[in-house]
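Q: Have a look at this one before I ask anything.
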Amino acid sequence: MSEYGSTPIVKSMKVVPVAGYDSMLMTLSGAHAPFFTRNIVILEDSAGHQGIGEIHGGDYTCEALRACESLVVGQPVGKYRGILDSIHKHTKRAKEDDGEGIQSLDISKLKFVVKAEWAIECALLDLLGQALGLQMCDLLGDGKQRDKVETLGYLFYVSDKNKAAKLNYLDESSSSDSWFKMRRNEMLTPEKIVEQAQCLHEKYGFRNFKLKGGVLDGHEEMKAVCALKKAFPNGRINIDPNGAWSLSEAIELCKPLENVLTYIEDPCGPEAGYSSREIMAEFKNAVKLPVATNMIATDWRQFYHSAALKSVDIVLADPHFWGFGGSIRIAQLLNDWGLTWGSHSNNHFDITLAAFAQVGAAAPGKPTALDTHWIWQDGQNLLDDAPRIVDGYLEVPEKFGLGVTLNMKKLEEANALYNKLPSHDRNDAEAMQYLIPNWKFDSKKPCLVR
Ligand code: GKR
Ligand code: MG
């Protein structure tokens, strides 16, 4: 046994920024660009194992990860909590981080809500699981609670990419897969949203759906919600306008749909000097629907105020915001308090998909079906063995650790694509300006309403 005990030592740490293709997906913050970016962490240990993690893209997060290398390399894998603690103690808050978080969906602040070191946590847990002969979910909370994790079909309005032809969105119109063929085309009506849901139901078996709102007038979006419920009478339907509606609009739109919606996500945001935690508490007094958030409770301090005000029932505690251990700690607390855990997502590769499977497998109680953007990226794998979504459930990899194997060739290709991009940060305004000249983000106006 070495002076460190018997777990292997981290020998090297690499950070590889990567990019993948996306559709012209619409949200309150604008239109998704043709490419999204992520950062991949690769650790090698003295036992010859590789541990991997994935987190949001962009130079800020990439640099934050690279700055951690000396705190990770040379450390025993089993000391992963101490490694993360030393990273936290060395990390200074960025000057531009005003603490506002994403309660107004200002995408430029997302990088402060995402914590780079959780990709390192993932890679360390991957190594520890391999060293101990355990799945990652067995290292979290009370260990594995289930073999498969329910996920939802994340529906988006999609704009016509030909209106932004200069941006070169991927065209998949000749694909033999009916979902791949559909997902890059315009879908802006209730009929098209139902077709999208039906196609996803056929391919992945989803019975739960979330429509990304904040795009069209709220009444128009509610027509799509009602059409979805008609097509899937036993389905669980949710809409997420990312806080775009005023309190009175949110009540007017949601009250008549108490029997159509299963829950509602971030219906309103800050207004009239009140924070979104206060406004959402008032919404909950007026409408009998469970309320979910990934905007007003993204860390423990925000959660304290949300819980004190009873602003939310479902906290979508994404491990990229809360950490793997942190997501499970809040999942346990929510379960003990009779509340519900779930996870939010942004665009991601299949390493994050595997991570969602592991965290979802360890969450106690009855988590709400997890969000994943994966369906919009499916096929662009970085792994040899991406977990599958079958019958609406994400399979939990059975091998030790994270349970998946990185494909170095695919990683190199995704890195080469990243290196060709003029900018690495998410910007939803650029593509939007092809649809509406001089378009500017307004947290209170659906993006196509100007
Ligand atoms: O990636 O466009 C997106 C999503 O709309 C993201 O920005 C949201 O934060 O998915 C997220 C949500 O559930 O609010
Ligand atoms: Mg949301």
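Starting from 1 in every chain, residues are counted up; chains themselves are A, B, ... following the order of the structure tokens, and ligands are numbered from 1 as listed.
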Please identify all protein, DNA and RNA residues within 10 Å of ligand 2, counting only C-alpha atoms and all ligand atoms, and report them as a ChimeraX atom specification.
A: /A:105,210-213,239-243,264-267,292-296,315-316,343-346,371
Q: Residues at most 9 Å from Pro270 in chain A, counting only C-alpha atoms, excluding those fewer than 6 positions away in the same chain, as a ChimeraX atom specification?
A: /A:103-104,243,246,276-280
Q: For CA of Leu28 in chain A and CA of Val113 in chain A, determine how far apart the two atoms are, in Å to one decimal place.
A: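 One can read the CA of Leu28 in chain A to CA of Val113 in chain A distance as 18.0 Å.
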Q: Got a sec to tell me which of range 87-191 of chain A DSSP assigns to helix (DSSP H, G or I), as a count of residues only?
A: 45
Q: Of the candidates A:Arg66, A:Lys111, A:Lys11, A:Lys445, which shows the shortest atom-to-atom distance to Asp45 in chain A, using only C-alpha atoms?
A: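 Between A:Arg66, A:Lys111, A:Lys11, A:Lys445, the residue approaching Asp45 in chain A most closely is A:Lys11.
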Q: Write out as a PyMOL selection string the residues lying within 10 Å of His348 in chain A, counting only C-alpha atoms and excluding same-chain residues fewer than 6 positions away.
A: chain A and resi 19-20+36-39+54-57+372-378+380
Q: Using only C-alpha atoms, which protein or nucleic acid residues come within 12 Å of Pro17 in chain A? Drop anything in the same chain fewer than 4 positions from it, and give the result as a tab-separated table (two decimals) with N, CA and C atoms, in the first residue's frame.
A:
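Output (result-v2.tsv):
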```
chain	number	residue	atom	x	y	z
A	36	PHE	N	-23.06	23.92	-30.93
A	36	PHE	CA	-22.99	24.13	-29.47
A	36	PHE	C	-21.62	23.64	-29.03
A	37	THR	N	-21.16	24.13	-27.89
A	37	THR	CA	-19.81	23.74	-27.43
A	37	THR	C	-19.88	23.12	-26.03
A	38	ARG	N	-18.93	22.25	-25.75
A	38	ARG	CA	-18.81	21.60	-24.43
A	38	ARG	C	-17.33	21.44	-24.10
A	39	ASN	N	-17.02	21.14	-22.87
A	39	ASN	CA	-15.65	20.83	-22.46
A	39	ASN	C	-15.61	19.42	-21.88
A	40	ILE	N	-14.63	18.66	-22.31
A	40	ILE	CA	-14.49	17.28	-21.84
A	40	ILE	C	-13.22	17.19	-20.99
A	41	VAL	N	-13.36	16.56	-19.82
A	41	VAL	CA	-12.20	16.33	-18.94
A	41	VAL	C	-11.82	14.86	-19.03
A	42	ILE	N	-10.52	14.61	-19.21
A	42	ILE	CA	-10.04	13.22	-19.26
A	42	ILE	C	-8.92	13.05	-18.23
A	53	GLY	N	-15.46	13.31	-17.89
A	53	GLY	CA	-16.58	14.17	-17.47
A	53	GLY	C	-16.84	15.19	-18.55
A	54	GLU	N	-18.06	15.70	-18.60
A	54	GLU	CA	-18.44	16.69	-19.63
A	54	GLU	C	-19.13	17.86	-18.95
A	55	ILE	N	-18.86	19.06	-19.45
A	55	ILE	CA	-19.55	20.24	-18.90
A	55	ILE	C	-19.74	21.26	-20.02
A	56	HIS	N	-20.45	22.34	-19.70
A	56	HIS	CA	-20.76	23.36	-20.70
A	56	HIS	C	-19.50	23.88	-21.39
A	57	GLY	N	-19.70	24.43	-22.57
A	57	GLY	CA	-18.57	24.91	-23.37
A	57	GLY	C	-18.26	26.37	-23.08
A	58	GLY	N	-17.29	26.87	-23.85
A	58	GLY	CA	-16.93	28.28	-23.73
A	58	GLY	C	-15.56	28.42	-23.07
A	59	ASP	N	-14.90	29.54	-23.41
A	59	ASP	CA	-13.52	29.76	-22.94
A	59	ASP	C	-13.44	29.91	-21.42
A	60	TYR	N	-14.46	30.55	-20.83
A	60	TYR	CA	-14.44	30.78	-19.37
A	60	TYR	C	-14.35	29.45	-18.62
A	61	THR	N	-15.21	28.50	-19.02
A	61	THR	CA	-15.25	27.21	-18.32
A	61	THR	C	-14.01	26.39	-18.65
A	62	CYS	N	-13.55	26.49	-19.90
A	62	CYS	CA	-12.34	25.76	-20.31
A	62	CYS	C	-11.14	26.23	-19.48
A	63	GLU	N	-11.00	27.54	-19.35
A	63	GLU	CA	-9.86	28.06	-18.56
A	63	GLU	C	-9.99	27.69	-17.09
A	65	LEU	N	-11.28	25.07	-15.87
A	65	LEU	CA	-10.88	23.66	-15.72
A	65	LEU	C	-9.37	23.51	-15.79
A	66	ARG	N	-8.77	24.18	-16.76
A	66	ARG	CA	-7.30	24.04	-16.92
A	66	ARG	C	-6.57	24.55	-15.68
A	349	PHE	N	-23.41	16.25	-25.12
A	349	PHE	CA	-23.01	14.99	-25.75
A	349	PHE	C	-23.41	13.82	-24.86
A	411	LEU	N	-13.72	12.15	-30.53
A	411	LEU	CA	-13.35	13.31	-29.70
A	411	LEU	C	-12.50	14.29	-30.52
A	412	GLU	N	-11.52	13.74	-31.25
A	412	GLU	CA	-10.65	14.60	-32.08
A	412	GLU	C	-11.46	15.35	-33.13
A	413	GLU	N	-12.43	14.66	-33.73
A	413	GLU	CA	-13.26	15.32	-34.76
A	413	GLU	C	-14.07	16.47	-34.14
A	414	ALA	N	-14.62	16.21	-32.95
A	414	ALA	CA	-15.44	17.26	-32.29
A	414	ALA	C	-14.56	18.42	-31.86
A	415	ASN	N	-13.30	18.12	-31.51
A	415	ASN	CA	-12.36	19.18	-31.14
A	415	ASN	C	-11.97	19.99	-32.39
A	416	ALA	N	-11.80	19.28	-33.53
A	416	ALA	CA	-11.44	19.99	-34.78
A	416	ALA	C	-12.59	20.93	-35.18
A	417	LEU	N	-13.83	20.48	-34.99
A	417	LEU	CA	-14.98	21.34	-35.32
A	417	LEU	C	-14.96	22.58	-34.41
A	418	TYR	N	-14.67	22.36	-33.15
A	418	TYR	CA	-14.61	23.46	-32.18
A	418	TYR	C	-13.56	24.49	-32.62
A	419	ASN	N	-12.39	23.97	-33.04
A	419	ASN	CA	-11.30	24.88	-33.40
A	419	ASN	C	-11.60	25.71	-34.64
A	420	LYS	N	-12.57	25.27	-35.42
A	420	LYS	CA	-12.94	26.05	-36.63
A	420	LYS	C	-13.92	27.18	-36.31
A	421	LEU	N	-14.53	27.14	-35.12
A	421	LEU	CA	-15.57	28.13	-34.82
A	421	LEU	C	-14.97	29.50	-34.50
A	424	HIS	N	-16.65	30.69	-29.21
A	424	HIS	CA	-16.95	29.47	-28.47
A	424	HIS	C	-18.06	29.64	-27.46
A	425	ASP	N	-18.56	30.88	-27.32
A	425	ASP	CA	-19.59	31.14	-26.31
A	425	ASP	C	-20.97	31.12	-26.93
```
